[in-house]
Structure formats: C-alpha cells, structure tokens
2 protein chains.
Amino acid sequence: MTLFLALDFGGTKLAAAMVNGGSREWLGYERALSPTDANANTDLEIMRSLIYSLLQKAKPGAIGVSFGGPVDATTGTVRLSHHVPGWENIPLQDLFREEFGVPTRVDNDANVAALGEHRFGAGQGYDSLFYITVSTGVGGGWILNGKPWRGAEGMAGEIGHMVVDPNGPVCLCGKRGCVERLASGPYMAQDAREVLGKEPPGRQEKRGEVLRGLVGGDLELITGKVVSEAAAAGDDLAVSLLSRAGWALGLGIGNVANLMNPQRFVLGGGVTNAGEGFWDMVRKVARETALPEVNFDIVSAALGDDAPLWGAVALAEEVLGVKDYRHQG
Amino acid sequence: MTLFLALDFGGTKLAAAMVNGGSREWLGYERALSPTDANANTDLEIMRSLIYSLLQKAKPGAIGVSFGGPVDATTGTVRLSHHVPGWENIPLQDLFREEFGVPTRVDNDANVAALGEHRFGAGQGYDSLFYITVSTGVGGGWILNGKPWRGAEGMAGEIGHMVVDPNGPVCLCGKRGCVERLASGPYMAQDAREVLGKEPPGRQEKRGEVLRGLVGGDLELITGKVVSEAAAAGDDLAVSLLSRAGWALGLGIGNVANLMNPQRFVLGGGVTNAGEGFWDMVRKVARETALPEVNFDIVSAALGDDAPLWGAVALAEEVLGVKDYRHQG
C-alpha cells in the first residue's frame with residue numbers, strides 16, 4: 001500500500017492531507033491559515049509543520065502539490081504568487097523531493113483541481129473537460145485526451161481574462177469586461193458597494209435594501225458571499241449583479257465550447273453557490289453562444305475545497321506511474 | 001516510394017493532387033470549379049474525373065481528403081456541407097477506400113489545413129499552434145502536442161463564432177459581434193455596401209470614394225477582396241472596416257492565447273492579404289488582450305490555397321503510419 005502526501009498552497013490557506021493509494025478517505029488532514037504578512041518562507045515553514053504533524057514517522061511514496069499561482073509544471077518551479085511575496089522562481093518540486101527523498105510533482109491549483117475533479121469528482125469518465133473556479137478570481141484547468149493540457153508555457157486555462165464585453169468595466173489587468181471583472185466575488189462586492197454608496201439618502205425606493213440590511217449598513221462588509229446571499233433572498237441589486245456574472249460566464253463558456261468542443265464544463269468556487277437563477281443564466285447564455293452542433297454539459301464541481309488536494313493525490317500517483325486505480329483489478 | 005493522393009472538397013472548388021512520399025513537389029495537380037447548382041453527387045463525379053485524369057494507371061498507397069464542412073474524423077463521415085446540398089451523413093472515407101482499395105482518411109478543411117501548415121508550412125517545429133483562415137468564413141484548426149485536436153465531436157476550432165462584441169452587428173448564427181461577422185470578407189463587403197448605399201448623393205465629403213471607384217459605382221460588385229484593395233489604396237471606409245476586422249481577430253486571438261497558451265498562431269485566407277495596417281492591428285490587440293505572461297507569435301500561413309492539399313498528404317501519411325519524413329534518415 002503506497003501512502004500519498006497531498007499539499008495545497010492556496011494563497012490564504014495551507015493544507016496537507018494523506019491517503020492510501022486507491023482509497024477515497026483521508027488518513028489525515030491538517031490545515032492552517034497563511035498569515036496576512038506571509039512570505040514564501042513563512043508559508044513553507046507552516047506547511048512543513050503541517051506535514052510533520054501529519055506524517056509522524058510514516059514515509060510517503062510520492063508527493064503531489066497544488067500551488068495557487070503560475071507554475072512551470074515541467075520542472076515544478078513556482079513562477080510567482082499573486083498573493084504572497086517571495087515565491088519568484090522557487091523550485092518547490094526540488095525542495096520537497098530533496099527534503100523527503102520521494103518523487104514529487106507540482107502544478108498550479110486550477111490544473112490540479114481539474115485533475116482532481118477528473119479523477120475523483122464530477123469529471124470522472126470525461127476525457128475532455130474544462131474546470132472553472134469562480135471565486136476570488138476566475139481560473140480554469142484543462143483535461144484533454146484524459147490528461148492535463150497546460151499550454152506551451154503552463155499558462156493555459158485563463159478564462160478569467162477572456163474579454164466578453166469590450167465596453168464593460170475596467171479590470172485590474174487593464175482590459176475591459178473580462179470574465180473575472182464581471183463574475184468574481186470581490187468585483188461583484190465592489191460594484192455593489194459602488195451602487196449603494198451612490199444611493200441618495202432618504203430616496204423612497206432604494207436598490208439593494210436586502211443587501212444593505214445583511215451588512216447592517218456597513219458597505220465595507222459586503223463580500224461576494226454576501227451578494228450571493230442577498231440574491232438568494234431576492235435583493236434586486238444582488239440579483240442583477242449575479243445575472244450579469246452568469247451572463248459573462250455563460251458567454252465565456254459558449255466561446256470555449258466553440259473553440260475546443262470539450263464534453264463537459266465543471267464549475268466550482270464560492271460564486272457557484274449563488275443558486276438556480278445564476279446557474280440558469282450560465283447554462284442559457286452558454287447554450288445560445290455555442291453553435292447548435294456543439295454539445296456539452298455544465299455541472300457543479302463535486303470535491304469543493306478539496307479539489308486541489310485530490311488533484312495533488314492524482315499528481316502523486318502519476319509521478320509513480322500509477323495510471324488509474326479505477327481501472328485496476 | 002509511396003504515392004499519396006490528396007483531395008480537397010472546397011465548397012466552391014475541387015482539387016486533387018499527388019505526390020511521392022517525402023517529396024515537396026506535386027507530381028500532378030488537377031482542379032475544377034464546383035458548379036453553382038452542385039450537389040454531393042455532382043461534386044463526387046467531378047472529383048472522380050480529376051482523380052482518374054491524375055492517376056492514369058498509377059495506384060496510390062493512401063488517400064487523404066480535406067472536406068469543407070463538419071466531418072466525423074473518427075469514421076471519416078461528412079456531417080453536412082454549408083455550401084452544397086446532399087452531403088448529409090455521406091461516408092466519404094468508406095466510399096474512397098472501397099473504390100480505390102487503399103487506406104483513406106477524411107477530416108474537415110480547417111483541421112487539415114492546420115495539419116498541412118504544421119507539417120509543411122509556417123507551423124513546422126511548433127507542437128502547439130492554432131491555424132485560422134479568414135476568408136469567406138472564419139475557421140480554425142488546432143495542433144496540440146503535435147497532433148490535431150478535433151474536440152469531443154469534431155467541432156473544435158470555431159473561433160469564427162466567438163463573440164467579441166455582444167453589442168455588435170447580428171451574425172447569420174443569430175448572435176451579435178462574432179469574429180466572423182466582423183472579420184470575414186463577405187460581411188465586410190456587406191457593411192461597405194450598406195454605408196455607401198446610405199450616403200446622401202451630392203454631399204461634399206463622402207466616405208469610401210476609392211472603394212466606390214474600384215467598382216465603378218456598382219455596389220453589388222464589392223467583395224471582401226475589393227475592400228482590401230481599397231484599404232491598401234487608403235480608402236477611409238475600407239480602412240475602418242479592416243481596422244475593425246483586425247480588432248475582432250486580435251481580440252479573439254488574445255482570448256485564445258489566454259485560454260490555451262499555444263506557441264504560435266498561423267493566419268491564412270484572403271483577408272490576411274489586406275496589408276500591414278491590418279496585421280499591425282491584429283498583433284497589437286492580441287498582445288493587449290493576452291496576459292503579460294502569455295507568449296505567442298502570429299505569422300502568415302505559408303502554403304496558401306494548397307494548405308488543405310498538403311494537410312491531406314499528411315493525413316494520408318498518418319493512415320499508413322508514416323510519422324514524419326523530416327525525422328527519418
């Protein structure tokens with residue numbers, strides 16, 4: 001029985017878990033928040049403590065690592081983190097391989113989560129799929145011919161910065177109307193704050209009254225999650241923001257369907273908990289945007305926050321040459 | 001020495017050519033126009049006559065076929081033609097294999113042209129590329145990991161129906177602002193005719209005077225090619241139409257770069273002859289749309305109208321298991 005160690009550097013949180021090969025139950029699971037003043041060294045130290053607490057004296061057969069940022073998957077070198085300083089060109093794969101003396105593989109979180117869903121979640125049996133996470137950002141990972149497609153330089157999957165409305169609001173990347181600008185949680189919260197902040201006090205019919213109530217009038221407390229909750233409660237402003245998010249995501253998905261013709265889209269991340277109205281919009285616009293001959297379905301991710309960890313297990317299996325436990329006798 | 005037969009059902013024209021394996025010179029080349037009242041049977045009869053005229057008593061080792069419409073590449077069955085009636089579910093691969101008694105492979109023209117450019121043209125040495133033809137329509141074909149990516153059901157590559165301006169003009173597909181609606185020759189000609197048809201007679205400063213002159217005032221004679229020529233001669237209306245086409249194509253390419261991260265884009269088709277202004281716009285907008293970390297280049301196709309035929313040669317080689325002549329001793 002081979003023991004696999006799965007690690008997730010998530011930007012704001014760190015997690016380590018271990019599992020016996022072929023099992024779907026974690027043998028152990030440790031997690032910690034990354035401190036707000038974290039750098040690469042502090043994150044590595046915290047992760048080491050999680051690992052040693054988890055392993056005790058056990059020795060894993062292989063290690064898989066999900067990293068929240070661009071990774072050169074051929075060497076397992078982190079290019080950088082958009083959240084935590086000091087990660088520029090860190091040879092993470094080499095570090096763990098040398099420290100633990102076992103085969104290690106590192107890839108970025110969207111690719112790893114796609115692999116996790118493909119192998120253990122909503123993508124099982126689908127050899128071509130696109131996984132999309134709609135959360136604080138919008139990112140994606142490809143499975144083509146049953147294997148990750150990372151692009152020529154590991155940058156594939158960036159549906160978040162597909163422009164779907166060239167006249168839309170400006171995104172941090174400098175362009176207008178990116179999918180991420182319209183569909184990510186923080187941007188929806190920002191747009192909600194902006195609208196509510198401009199409402200003239202005392203006006204009879206205000207927009208977003210439910211939303212305002214949920215944060216007790218303190219607009220700074222509005223997050224993507226709060227916008228989703230307000231929409232579920234019928235708040236007009238929140239519903240319109242989620243409708244626009246669903247439109248942007250649906251248009252992006254339809255464009256991707258025309259371009260790559262995958263069998264399935266798997267959607268995860270907090271924003272996808274926004275309820276049926278959001279999902280209906282995503283599916284409707286995606287179907288209208290794709291050509292009639294282009295078939296696909298759009299389903300919810302099955303593994304939730306554990307998708308990167310399960311994908312890391314799949315990476316660890318791969319590095320040992322374990323093809324797929326489901327197909328073994 | 002194996003003789004390969006390459007066939008191209010182009011919608012409006014038919015071509016057949018033959019070549020010795022490993023050679024880059026056609027041994028023979030026959031072409032004919034498809035009559036305006038063509039159907040699948042007449043096209044097949046014309047193609048047969050081209051083939052027998054070409055082969056005389058020679059026997060090919062394998063046949064590769066490019067078809068201008070959706071094809072199920074796993075069986076070589078044509079789904080339909082958008083130009084010629086009667087092609088619904090024609091088992092083209094079986095027909096030729098039985099008639100000539102040799103291995104045959106059929107795929108759609110964009111995929112085949114991509115393969116041709118990859119193997120013999122501007123994509124040599126690039127194992128991930130996207131080929132785009134910008135002509136009467138806008139279509140594309142993928143090479144990933146050195147092999148065609150056709151999608152789950154053979155529909156991949158449809159960049160022409162990626163929406164880049166949801167507020168743009170209506171496309172035949174029913175959506176607004178598709179790349180094809182903004183960048184294909186016939187639509188540019190249509191938009192030029194519409195603008196010129198609305199110009200009030202006798203007004204002092206008219207738009208599109210050069211364009212109008214090129215067709216002697218007969219707006220029905222305006223084609224995409226004429227618009228390109230007028231733009232090259234500095235016509236203001238034509239320049240603005242080609243600028244918008246370059247913008248649409250550049251935005252589409254930048255979106256694709258973010259999504260798939262291929263090494264290279266290869267652009268062919270008549271519209272790409274529109275001159276440096278058009279190319280500058282395509283490259284500028286693509287670069288601005290792609291994330292800074294996403295690298296690629298955009299080059300002109302090398303094989304021109306022969307790309308599908310050379311791709312058909314590559315298909316014929318593949319069906320015989322000839323990997324790549326360049327790598328042989």
# chains A, B, ... in the order shown; residues from 1 in each chain; ligands from 1
>>> select_by_dssp(residues="stretch 68-249 of chain A", states="helix (DSSP H, G or I)", output="number ranges by chain")
A: 92-100, 109-120, 159-161, 179-183, 185-198, 209-214, 219-221, 224-232, 236-249
>>> interface_residues(of="chain A", to="chain B", cutoff="10 Å", atoms="only C-alpha atoms", output="count of residues only")
57
>>> atom_distance(atom1="atom CA of A:Gly146", atom2="atom CA of A:Gly121")
13.8 Å
>>> closest_residue(among="B:Arg212, B:Gly269, B:Ala183, B:Ala6", to="B:Leu241", atoms="only C-alpha atoms")
B:Ala183
>>> atom_distance(atom1="atom CA of B:Met281", atom2="atom CA of B:Tyr187")
18.6 Å
>>> closest_residue(among="B:Lys206, B:Lys147, B:Lys13, B:Lys284", to="B:Val84", atoms="only C-alpha atoms")
B:Lys13
>>> closest_residue(among="B:Ile132, B:Ile143, B:Leu315, B:Leu214", to="B:Val179", atoms="only C-alpha atoms")
B:Ile132
>>> residues_around(residues="B:Gly246", least_positions_apart="6", cutoff="12 Å", atoms="only C-alpha atoms", output="number ranges by chain")
B: 134, 164, 179-180, 182-184, 188, 228, 239-240, 252-254, 267, 271-286
>>> atom_distance(atom1="atom CA of B:Leu50", atom2="atom CA of B:Val319")
22.3 Å
